[in-house]
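J.: my_file.cif is reproduced below (mmCIF, C-alpha atoms).
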data_coords
#
loop_
_atom_site.label_atom_id
_atom_site.label_comp_id
_atom_site.auth_asym_id
_atom_site.auth_seq_id
_atom_site.Cartn_x
_atom_site.Cartn_y
_atom_site.Cartn_z
CA MET D 194 -4.99 -12.05 11.80
CA LYS D 195 -8.35 -10.33 11.36
CA PHE D 196 -10.01 -8.95 8.21
CA SER D 197 -13.43 -7.31 8.00
CA TRP D 198 -15.85 -6.08 5.33
CA GLN D 199 -19.36 -4.66 5.15
CA VAL D 200 -21.75 -6.46 2.82
CA ASP D 201 -22.75 -4.13 -0.01
CA THR D 202 -24.71 -6.61 -2.15
CA PRO D 203 -28.07 -8.41 -1.91
CA GLU D 204 -28.36 -11.69 -0.01
CA MET D 205 -25.82 -14.38 -0.82
CA LYS D 206 -24.05 -17.21 0.93
CA LEU D 207 -21.14 -16.18 3.12
CA LYS D 208 -18.71 -18.34 1.12
CA SER D 209 -19.74 -16.56 -2.11
CA PHE D 210 -19.22 -13.15 -0.51
CA LEU D 211 -15.81 -14.17 0.78
CA LYS D 212 -14.84 -15.56 -2.64
CA GLU D 213 -15.48 -12.10 -4.10
CA LYS D 214 -13.07 -10.72 -1.50
CA GLY D 215 -10.35 -13.16 -2.54
CA VAL D 216 -10.84 -15.82 0.14
CA SER D 217 -10.15 -19.18 -1.52
CA LYS D 218 -11.61 -22.59 -0.68
CA LYS D 219 -8.21 -23.52 0.71
CA LEU D 220 -8.21 -20.53 3.07
CA LEU D 221 -11.80 -21.24 4.14
CA ALA D 222 -10.76 -24.80 4.97
CA LYS D 223 -7.83 -23.48 6.99
CA ILE D 224 -10.14 -21.19 8.94
CA LYS D 225 -12.54 -24.08 9.59
CA PHE D 226 -10.06 -26.77 10.58
CA GLN D 227 -7.06 -24.91 12.00
CA GLY D 228 -8.58 -22.62 14.58
CA GLY D 229 -9.93 -19.65 12.62
CA THR D 230 -13.34 -18.02 12.89
CA LEU D 231 -16.08 -16.64 10.63
CA LEU D 232 -18.20 -13.90 12.20
CA VAL D 233 -21.28 -12.07 10.91
CA ASN D 234 -22.35 -9.11 13.04
CA GLY D 235 -20.27 -10.54 15.88
CA ASN D 236 -21.81 -14.01 15.79
CA VAL D 237 -20.00 -17.18 14.71
CA GLN D 238 -21.44 -18.54 11.46
CA ASN D 239 -20.54 -21.18 8.88
CA ALA D 240 -19.74 -20.63 5.20
CA LEU D 241 -23.33 -21.44 4.10
CA TYR D 242 -24.89 -18.65 6.17
CA GLU D 243 -26.87 -16.09 4.15
CA VAL D 244 -25.47 -12.59 4.55
CA SER D 245 -27.54 -9.48 3.84
CA LEU D 246 -26.89 -5.88 2.85
CA GLY D 247 -25.16 -4.00 5.66
CA ASP D 248 -23.92 -7.07 7.55
CA GLU D 249 -20.42 -6.88 9.00
CA VAL D 250 -18.31 -9.89 8.06
CA VAL D 251 -15.10 -10.72 9.95
CA ILE D 252 -12.67 -13.55 9.32
CA ILE D 253 -9.96 -14.50 11.80
CA ILE D 254 -7.15 -16.47 10.17
CA PRO D 255 -5.02 -18.74 12.37
CA ASP D 256 -1.35 -17.90 12.78
CA GLU D 257 1.01 -19.66 10.37
CA GLY D 258 3.95 -20.34 12.67
CA GLU D 259 6.99 -21.23 10.57
CA HIS D 260 8.51 -23.71 8.13
CA GLU D 261 10.57 -25.94 10.38
CA THR D 262 12.78 -27.04 7.48
CA LEU D 263 13.71 -23.48 6.38
CA LEU D 264 16.84 -22.51 8.28
CA PRO D 265 17.28 -18.86 9.36
CA ASP D 266 20.31 -16.96 8.05
CA ASN D 267 21.41 -13.90 10.03
CA GLN D 268 22.74 -12.00 7.01
CA PRO D 269 21.06 -8.57 6.76
CA ILE D 270 18.24 -7.63 4.41
CA ASP D 271 17.78 -4.22 2.77
CA ILE D 272 14.11 -3.33 3.33
CA VAL D 273 12.48 -1.03 0.76
CA PHE D 274 8.88 -1.32 2.02
CA GLU D 275 7.09 -3.15 4.81
CA ASP D 276 3.69 -3.23 6.45
CA GLU D 277 1.72 -5.99 8.17
CA HIS D 278 0.96 -7.66 4.82
CA LEU D 279 3.93 -7.06 2.49
CA LEU D 280 7.72 -7.02 2.59
CA VAL D 281 9.82 -5.70 -0.32
CA ILE D 282 13.59 -6.00 -0.18
CA ASN D 283 16.52 -5.01 -2.39
CA LYS D 284 18.19 -8.29 -3.33
CA PRO D 285 21.98 -8.23 -3.73
CA ASN D 286 24.02 -10.01 -6.36
CA GLY D 287 25.10 -13.60 -5.69
CA VAL D 288 22.25 -14.68 -3.42
CA ALA D 289 19.60 -17.16 -4.56
CA SER D 290 15.93 -16.34 -3.91
CA ILE D 291 14.91 -19.68 -2.41
CA PRO D 292 16.67 -22.87 -1.28
CA ALA D 293 17.43 -25.42 -3.98
CA GLN D 294 19.52 -28.54 -4.38
CA TYR D 295 22.78 -26.60 -4.74
CA HIS D 296 21.77 -23.69 -2.47
CA PRO D 297 19.94 -25.21 0.54
CA LYS D 298 20.62 -22.20 2.75
CA GLU D 299 22.04 -18.66 2.62
CA THR D 300 19.21 -17.55 0.31
CA MET D 301 16.94 -14.51 0.59
CA ALA D 302 14.18 -16.75 2.00
CA ASN D 303 16.56 -17.87 4.78
CA ARG D 304 17.45 -14.25 5.54
CA VAL D 305 13.79 -13.24 5.69
CA LYS D 306 13.08 -16.18 8.01
CA HIS D 307 15.75 -14.87 10.42
CA TYR D 308 14.28 -11.36 10.19
CA TYR D 309 10.78 -12.64 11.02
CA ASN D 310 12.15 -14.53 14.01
CA GLU D 311 14.06 -11.48 15.25
CA GLN D 312 10.93 -9.32 14.98
CA GLY D 313 8.85 -11.90 16.84
CA TYR D 314 6.18 -12.09 14.14
CA VAL D 315 3.41 -14.65 14.75
CA ASN D 316 3.27 -15.41 11.00
CA ARG D 317 6.71 -16.73 10.08
CA VAL D 318 6.05 -18.71 6.91
CA VAL D 319 8.12 -17.08 4.15
CA HIS D 320 5.92 -16.43 1.10
CA VAL D 321 8.00 -15.52 -1.96
CA VAL D 322 5.87 -13.68 -4.53
CA THR D 323 8.47 -12.55 -7.09
CA ARG D 324 11.76 -14.42 -7.47
CA LEU D 325 14.99 -13.20 -9.01
CA ASP D 326 17.85 -15.24 -10.45
CA ARG D 327 20.85 -15.66 -8.14
CA ASP D 328 22.88 -12.93 -9.87
CA THR D 329 20.00 -10.56 -10.65
CA THR D 330 19.63 -7.65 -8.24
CA GLY D 331 16.77 -5.41 -7.20
CA LEU D 332 13.24 -5.49 -5.85
CA MET D 333 11.91 -8.76 -4.52
CA LEU D 334 8.39 -9.09 -3.09
CA PHE D 335 7.31 -11.26 -0.16
CA ALA D 336 3.83 -11.72 1.32
CA LYS D 337 3.74 -11.89 5.11
CA HIS D 338 0.82 -14.31 5.28
CA GLY D 339 -0.99 -16.76 3.02
CA PHE D 340 -4.00 -14.53 2.29
CA ALA D 341 -1.73 -11.76 1.00
CA HIS D 342 0.20 -14.31 -1.08
CA ALA D 343 -3.00 -15.53 -2.76
CA MET D 344 -4.12 -11.96 -3.52
CA LEU D 345 -0.74 -11.03 -5.00
CA ASP D 346 -0.59 -14.23 -7.06
CA LYS D 347 -3.95 -13.24 -8.53
CA GLN D 348 -2.47 -9.85 -9.52
CA LEU D 349 0.52 -11.60 -11.11
CA ARG D 350 -1.77 -13.79 -13.21
CA SER D 351 -3.92 -10.85 -14.30
CA GLY D 352 -0.94 -8.61 -15.07
CA THR D 353 -1.90 -5.89 -12.58
CA LEU D 354 1.28 -6.54 -10.59
CA LYS D 355 3.89 -5.13 -12.96
CA LYS D 356 7.64 -5.77 -12.86
CA TYR D 357 10.16 -3.48 -14.55
CA TYR D 358 13.86 -4.12 -15.10
CA THR D 359 16.96 -2.42 -16.44
CA ALA D 360 19.50 -4.46 -18.40
CA LEU D 361 22.82 -3.73 -20.10
CA VAL D 362 23.24 -5.64 -23.36
CA ALA D 363 25.86 -5.94 -26.12
CA GLY D 364 26.11 -7.63 -29.49
CA GLN D 365 23.86 -6.60 -32.37
CA ILE D 366 22.62 -3.50 -30.57
CA ASP D 367 22.20 -1.52 -33.81
CA LYS D 368 19.24 -3.80 -34.53
CA LEU D 369 17.45 -2.81 -31.31
CA SER D 370 14.27 -0.80 -31.83
CA GLU D 371 13.41 2.27 -29.79
CA GLN D 372 10.56 0.19 -28.41
CA ALA D 373 9.50 -3.38 -29.21
CA THR D 374 8.00 -6.62 -27.93
CA ILE D 375 9.84 -9.96 -27.90
CA ASP D 376 7.26 -12.72 -28.18
CA LEU D 377 9.16 -16.01 -28.32
CA PRO D 378 8.25 -19.26 -26.48
CA ILE D 379 10.75 -20.55 -23.94
CA GLY D 380 11.44 -24.13 -22.86
CA ARG D 381 14.22 -26.25 -21.41
CA ASP D 382 17.52 -26.68 -23.15
CA MET D 383 17.85 -30.46 -22.99
CA SER D 384 21.62 -30.19 -22.79
CA SER D 385 21.38 -28.61 -19.33
CA ILE D 386 19.29 -28.91 -16.18
CA ILE D 387 19.41 -25.14 -15.73
CA LYS D 388 19.60 -23.49 -19.12
CA ARG D 389 16.55 -22.43 -21.15
CA GLN D 390 16.14 -21.70 -24.86
CA VAL D 391 13.67 -20.33 -27.39
CA THR D 392 11.79 -23.32 -28.77
CA SER D 393 8.49 -23.84 -30.56
CA GLU D 394 7.65 -26.45 -27.93
CA GLY D 395 8.10 -23.98 -25.07
CA GLN D 396 5.66 -21.88 -23.06
CA SER D 397 4.51 -18.45 -24.22
CA ALA D 398 6.89 -15.68 -23.12
CA VAL D 399 6.39 -11.97 -23.76
CA THR D 400 8.89 -9.20 -22.97
CA ASP D 401 8.48 -5.49 -23.75
CA TYR D 402 11.63 -3.36 -23.99
CA TRP D 403 12.58 0.20 -24.79
CA LEU D 404 15.98 1.71 -25.53
CA GLU D 405 17.18 4.09 -22.79
CA ASN D 406 20.80 4.71 -23.82
CA LYS D 407 23.34 3.35 -26.28
CA THR D 408 27.05 3.60 -27.08
CA LYS D 409 29.02 1.77 -29.77
CA GLU D 410 29.31 -1.34 -27.59
CA VAL D 411 26.58 -1.30 -24.95
CA ALA D 412 22.85 -0.52 -24.82
CA GLN D 413 20.82 0.20 -21.70
CA VAL D 414 17.27 -1.09 -22.02
CA GLY D 415 14.19 -0.79 -19.85
CA ILE D 416 12.07 -3.94 -19.67
CA GLN D 417 8.59 -4.98 -18.61
CA LEU D 418 7.75 -8.65 -18.21
CA HIS D 419 4.29 -9.93 -19.14
CA THR D 420 5.11 -13.55 -18.31
CA GLY D 421 7.46 -15.06 -15.77
CA ARG D 422 9.43 -17.81 -17.46
CA THR D 423 12.75 -18.94 -16.00
CA HIS D 424 15.62 -16.79 -17.38
CA GLN D 425 13.09 -15.03 -19.64
CA ILE D 426 14.93 -11.73 -20.12
CA ARG D 427 18.31 -13.43 -20.53
CA VAL D 428 16.99 -15.93 -23.09
CA HIS D 429 15.02 -13.34 -25.07
CA PHE D 430 17.86 -10.87 -25.46
CA SER D 431 20.30 -13.62 -26.34
CA ALA D 432 17.84 -14.85 -28.96
CA ILE D 433 17.77 -11.45 -30.70
CA GLY D 434 21.56 -11.21 -30.72
CA CYS D 435 21.95 -8.88 -27.73
CA PRO D 436 22.86 -10.99 -24.68
CA LEU D 437 23.23 -9.34 -21.29
CA LEU D 438 26.68 -8.21 -20.20
CA GLY D 439 28.31 -10.70 -17.86
CA ASP D 440 25.86 -13.49 -18.70
CA SER D 441 28.23 -16.33 -19.54
CA MET D 442 25.43 -18.89 -19.74
CA TYR D 443 23.82 -17.05 -22.67
CA ASP D 444 26.98 -15.83 -24.43
CA GLY D 445 27.12 -12.38 -22.88
CA ARG D 446 30.34 -10.38 -23.06
CA MET D 447 32.63 -10.84 -20.06
CA ASP D 448 35.22 -8.17 -20.91
CA LEU D 449 33.35 -4.96 -20.04
CA GLY D 450 33.62 -4.95 -16.24
CA VAL D 451 30.49 -6.90 -15.20
CA THR D 452 30.96 -10.45 -13.94
CA ARG D 453 27.28 -11.36 -13.53
CA GLN D 454 24.26 -10.78 -15.77
CA ALA D 455 23.70 -7.01 -15.82
CA LEU D 456 20.05 -7.15 -14.79
CA HIS D 457 18.26 -5.24 -12.05
CA CYS D 458 14.59 -5.12 -11.02
CA THR D 459 14.06 -1.37 -10.81
CA LYS D 460 10.34 -0.99 -10.17
CA LEU D 461 7.24 -2.82 -8.92
CA GLU D 462 3.72 -1.51 -9.44
CA MET D 463 0.69 -3.07 -7.76
CA GLU D 464 -2.56 -2.42 -5.98
CA HIS D 465 -2.18 -3.04 -2.28
CA PRO D 466 -4.32 -6.16 -1.76
CA PHE D 467 -6.03 -4.77 1.35
CA THR D 468 -5.77 -0.96 1.44
CA LYS D 469 -6.35 -0.80 -2.36
CA GLU D 470 -3.85 2.05 -2.72
CA LYS D 471 -1.50 2.03 -5.70
CA LEU D 472 2.04 1.13 -4.72
CA VAL D 473 4.97 2.16 -6.91
CA LEU D 474 8.29 0.98 -5.48
CA LYS D 475 11.62 1.86 -7.06
CA GLN D 476 15.25 0.87 -6.50
CA PRO D 477 18.31 2.59 -8.05
CA LEU D 478 20.82 0.59 -10.06
CA PRO D 479 23.63 -1.17 -8.19
CA LYS D 480 27.22 0.06 -8.32
CA ASP D 481 28.51 -2.36 -10.98
CA MET D 482 25.82 -1.34 -13.49
CA LYS D 483 26.15 2.36 -12.64
CA THR D 484 29.88 2.16 -13.28
CA ILE D 485 29.34 0.80 -16.80
CA ILE D 486 26.73 3.46 -17.58
CA THR D 487 28.92 6.28 -16.24
CA ARG D 488 31.97 5.03 -18.11
#
Starting from the file, give its structure as structure tokens.

T.:
Amino acid sequence: MKFSWQVDTPEMKLKSFLKEKGVSKKLLAKIKFQGGTLLVNGNVQNALYEVSLGDEVVIIIPDEGEHETLLPDNQPIDIVFEDEHLLVINKPNGVASIPAQYHPKETMANRVKHYYNEQGYVNRVVHVVTRLDRDTTGLMLFAKHGFAHAMLDKQLRSGTLKKYYTALVAGQIDKLSEQATIDLPIGRDMSSIIKRQVTSEGQSAVTDYWLENKTKEVAQVGIQLHTGRTHQIRVHFSAIGCPLLGDSMYDGRMDLGVTRQALHCTKLEMEHPFTKEKLVLKQPLPKDMKTIITR
């Protein structure tokens, strides 16, 4: 895969220029040792070469092949957006994001692997950028090569890649504000290998929410995550007395027609890492959540 830029700064080393463009030391090493190329004005150069204003810089990144241990799964994927760098899918309920001890296959990563194989892509390593819990639905972002993954990870860390959710909650919903921030640290619940809890010894976790609709029993809330802790939304809303419908792990109500946590990733906002255009991707609520809202 080829990427090119024109130098618009005074003289500097090629590696410094590429660092400004998001090329990491790891990627430079891959280019050097795995068959890639660095070109300046059409000539092969090394990373210490001095580039000047107006020079054309090209990097050629070697193909990634595939993870031999990741098995393809021929179940379909629902594509929301795709170009040569990004893939965004609508994840269904009941499918894990990536293989784990109890879910070694039949995950979204396995499905994407099969899709890449079917399309004949030269880059077939599956780069998961944003994961969702097994029973959470909605938008899930993949990078189609390592350079894109690194650029999107940088956006995640800086907060410029924004994730929005819709949840249905019950419990002490009269105490919900029209708009508020939940800032409570999250760590492991030592009684479980999966469950998390609010604990002073945990990692910082920040969740913004706003009230979108409310009845006597159920509230619909919009959510923006500022951190990405495991089960963050589920733990935070349980901690304030409003667990998600269907979320048995965190004491959510199971008698209102939803049998999984009522949580859906509705929107992703980001700057495209290469075209620099603003991407706003949306996905409507799934049928089970719509049914509760309509009812």

J.: Give me the residues near region 246-261 of chain D as a PyMOL selection string, where near means some atom within 10 Å (using all atoms listed in the file) and where sequence neighbours in that chain fewer than 4 positions away do not count.

T.: chain D and resi 194-205+207+210-211+216+220-221+223-238+265+306+309-310+314-319+337-340

J.: Given the point (17.0, -2.3, 3.1) in the coordinates of this file, which residues lie within 9 Å, counting only C-alpha atoms, and how would they look as an mmCIF file with C-alpha atoms, keeping the file's coordinate frame?

T.:
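Dumped everything to selection_13.cif:
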data_model
loop_
_atom_site.group_PDB
_atom_site.id
_atom_site.type_symbol
_atom_site.label_atom_id
_atom_site.label_comp_id
_atom_site.auth_asym_id
_atom_site.auth_seq_id
_atom_site.Cartn_x
_atom_site.Cartn_y
_atom_site.Cartn_z
ATOM 1 C CA PRO D 269 21.060 -8.570 6.760
ATOM 2 C CA ILE D 270 18.240 -7.630 4.410
ATOM 3 C CA ASP D 271 17.780 -4.220 2.770
ATOM 4 C CA ILE D 272 14.110 -3.330 3.330
ATOM 5 C CA VAL D 273 12.480 -1.030 0.760
ATOM 6 C CA PHE D 274 8.880 -1.320 2.020
ATOM 7 C CA VAL D 281 9.820 -5.700 -0.320
ATOM 8 C CA ILE D 282 13.590 -6.000 -0.180
ATOM 9 C CA ASN D 283 16.520 -5.010 -2.390
ATOM 10 C CA LYS D 284 18.190 -8.290 -3.330
#

J.: With distances taken over all atoms listed in the file, which residue among D:Tyr357, D:Ser385, D:His424, D:Tyr443 lies nearest Leu461 (chain D)?

T.: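 The shortest atom-to-atom distance to Leu461 (chain D) comes from D:Tyr357.
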
J.: Go through the shown structure with the PyMOL selection byres ((chain D and resi 299) around 12) and write out the matching residues as a ChimeraX atom specification.

T.: /D:263-270,287-293,295-298,300-307,327

J.: Quote the spacing between CA of Ile386 (chain D) and CA of Lys355 (chain D) in Å to one decimal place.

T.: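 Rounded to one decimal, the two atoms are 28.5 Å apart.
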
J.: Using only C-alpha atoms, pick whichever of D:Leu354, D:Met442, D:Val414, D:Ala240 has the shortest atom-to-atom distance to Asp382 (chain D).

T.: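 Using only C-alpha atoms, Asp382 (chain D) sits closest to D:Met442.
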
J.: Which neighbours of Leu438 (chain D) fall inside 6 Å, counting only C-alpha atoms, when residues of the same chain fewer than 5 positions from it are skipped, and could you give them as a PyMOL selection string?

T.: chain D and resi 361-362+445-446+454-455

J.: Counting all atoms listed in the file, which residue out of D:Lys469, D:His457, D:Arg389, D:Lys480 sits closest to Thr330 (chain D)?

T.: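 Residue with the minimum atom-to-atom distance to Thr330 (chain D): D:His457.
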
J.: How would you write, as a ChimeraX atom specification, the residues chosen by the PyMOL selection byres ((chain D and resi 425) around 12) on this structure?

T.: /D:325-326,358,375-381,388-391,395-401,416-424,426-432,436-437,443,456

J.: To one decimal place, how far is CA of Gly439 (chain D) from CA of Asp367 (chain D) in Å?

T.: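 Taking CA of Gly439 (chain D) and CA of Asp367 (chain D), their separation equals 19.4 Å.
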
J.: Evaluate the PyMOL selection byres ((chain D and resi 462) around 10) and record the selected residues as a compact mmCIF listing (two decimals) with C-alpha atoms, keeping the file's coordinate frame, following the chain and residue labels used in the document.

T.:
# COMPACT_ATOMS: atom_id res chain seq x y z
CA THR D 353 -1.90 -5.89 -12.58
CA LEU D 354 1.28 -6.54 -10.59
CA LYS D 355 3.89 -5.13 -12.96
CA LYS D 356 7.64 -5.77 -12.86
CA TYR D 357 10.16 -3.48 -14.55
CA LYS D 460 10.34 -0.99 -10.17
CA LEU D 461 7.24 -2.82 -8.92
CA MET D 463 0.69 -3.07 -7.76
CA GLU D 464 -2.56 -2.42 -5.98
CA HIS D 465 -2.18 -3.04 -2.28
CA LYS D 471 -1.50 2.03 -5.70
CA LEU D 472 2.04 1.13 -4.72
CA VAL D 473 4.97 2.16 -6.91
CA LEU D 474 8.29 0.98 -5.48
CA LYS D 475 11.62 1.86 -7.06

J.: Suppose you want the space between CA of Val451 (chain D) and CA of Cys435 (chain D); what is it in Å?

T.: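 Interatomic distance, CA of Val451 (chain D) to CA of Cys435 (chain D): 15.3 Å.
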
J.: I want to know what sits within 10 Å of Leu279 (chain D), based on all atoms listed in the file, with residues of the same chain fewer than 3 positions away left out; could you give that as a list of chain:residue names?

T.: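 Non-adjacent residues within range: D:Phe274, D:Glu275, D:Asp276, D:His320, D:Val322, D:Leu334, D:Phe335, D:Ala336, D:Lys337, D:His338, D:Ala341, D:His342, D:Leu345, D:His465, D:Pro466.
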
J.: Model the absent atoms of region 304-317 of chain D so that N, CA, C and O atoms are present, and write the result as a PDB file, keeping the file's coordinate frame.

T.:
ATOM      1  N   ARG D 304      17.224 -15.539   4.865  1.00  0.00           N
ATOM      2  CA  ARG D 304      17.450 -14.250   5.540  1.00  0.00           C
ATOM      3  C   ARG D 304      16.151 -13.663   6.068  1.00  0.00           C
ATOM      4  O   ARG D 304      16.103 -13.128   7.182  1.00  0.00           O
ATOM      5  N   VAL D 305      15.087 -13.766   5.260  1.00  0.00           N
ATOM      6  CA  VAL D 305      13.790 -13.240   5.690  1.00  0.00           C
ATOM      7  C   VAL D 305      13.264 -14.039   6.878  1.00  0.00           C
ATOM      8  O   VAL D 305      12.674 -13.479   7.809  1.00  0.00           O
ATOM      9  N   LYS D 306      13.491 -15.351   6.862  1.00  0.00           N
ATOM     10  CA  LYS D 306      13.080 -16.180   8.010  1.00  0.00           C
ATOM     11  C   LYS D 306      13.752 -15.672   9.295  1.00  0.00           C
ATOM     12  O   LYS D 306      13.101 -15.549  10.348  1.00  0.00           O
ATOM     13  N   HIS D 307      15.046 -15.387   9.248  1.00  0.00           N
ATOM     14  CA  HIS D 307      15.750 -14.870  10.420  1.00  0.00           C
ATOM     15  C   HIS D 307      15.152 -13.536  10.841  1.00  0.00           C
ATOM     16  O   HIS D 307      14.940 -13.295  12.046  1.00  0.00           O
ATOM     17  N   TYR D 308      14.857 -12.671   9.871  1.00  0.00           N
ATOM     18  CA  TYR D 308      14.280 -11.360  10.190  1.00  0.00           C
ATOM     19  C   TYR D 308      12.929 -11.518  10.886  1.00  0.00           C
ATOM     20  O   TYR D 308      12.666 -10.847  11.894  1.00  0.00           O
ATOM     21  N   TYR D 309      12.075 -12.405  10.383  1.00  0.00           N
ATOM     22  CA  TYR D 309      10.780 -12.640  11.020  1.00  0.00           C
ATOM     23  C   TYR D 309      10.958 -13.119  12.456  1.00  0.00           C
ATOM     24  O   TYR D 309      10.237 -12.687  13.370  1.00  0.00           O
ATOM     25  N   ASN D 310      11.896 -14.033  12.658  1.00  0.00           N
ATOM     26  CA  ASN D 310      12.150 -14.530  14.010  1.00  0.00           C
ATOM     27  C   ASN D 310      12.609 -13.412  14.941  1.00  0.00           C
ATOM     28  O   ASN D 310      12.165 -13.315  16.092  1.00  0.00           O
ATOM     29  N   GLU D 311      13.535 -12.577  14.440  1.00  0.00           N
ATOM     30  CA  GLU D 311      14.060 -11.480  15.250  1.00  0.00           C
ATOM     31  C   GLU D 311      12.963 -10.479  15.624  1.00  0.00           C
ATOM     32  O   GLU D 311      12.981  -9.913  16.719  1.00  0.00           O
ATOM     33  N   GLN D 312      12.016 -10.274  14.711  1.00  0.00           N
ATOM     34  CA  GLN D 312      10.930  -9.320  14.980  1.00  0.00           C
ATOM     35  C   GLN D 312       9.830  -9.928  15.848  1.00  0.00           C
ATOM     36  O   GLN D 312       8.965  -9.200  16.345  1.00  0.00           O
ATOM     37  N   GLY D 313       9.864 -11.244  16.016  1.00  0.00           N
ATOM     38  CA  GLY D 313       8.850 -11.900  16.840  1.00  0.00           C
ATOM     39  C   GLY D 313       7.489 -11.987  16.177  1.00  0.00           C
ATOM     40  O   GLY D 313       6.461 -12.044  16.863  1.00  0.00           O
ATOM     41  N   TYR D 314       7.455 -12.022  14.849  1.00  0.00           N
ATOM     42  CA  TYR D 314       6.180 -12.090  14.140  1.00  0.00           C
ATOM     43  C   TYR D 314       5.491 -13.428  14.412  1.00  0.00           C
ATOM     44  O   TYR D 314       6.145 -14.473  14.496  1.00  0.00           O
ATOM     45  N   VAL D 315       4.152 -13.410  14.532  1.00  0.00           N
ATOM     46  CA  VAL D 315       3.410 -14.650  14.750  1.00  0.00           C
ATOM     47  C   VAL D 315       3.308 -15.443  13.443  1.00  0.00           C
ATOM     48  O   VAL D 315       3.249 -16.678  13.464  1.00  0.00           O
ATOM     49  N   ASN D 316       3.258 -14.748  12.304  1.00  0.00           N
ATOM     50  CA  ASN D 316       3.270 -15.410  11.000  1.00  0.00           C
ATOM     51  C   ASN D 316       4.706 -15.439  10.499  1.00  0.00           C
ATOM     52  O   ASN D 316       5.261 -14.422  10.127  1.00  0.00           O
ATOM     53  N   ARG D 317       5.300 -16.640  10.458  1.00  0.00           N
ATOM     54  CA  ARG D 317       6.710 -16.730  10.080  1.00  0.00           C
ATOM     55  C   ARG D 317       6.946 -17.649   8.883  1.00  0.00           C
ATOM     56  O   ARG D 317       8.075 -18.031   8.613  1.00  0.00           O
TER      57      ARG D 317
END
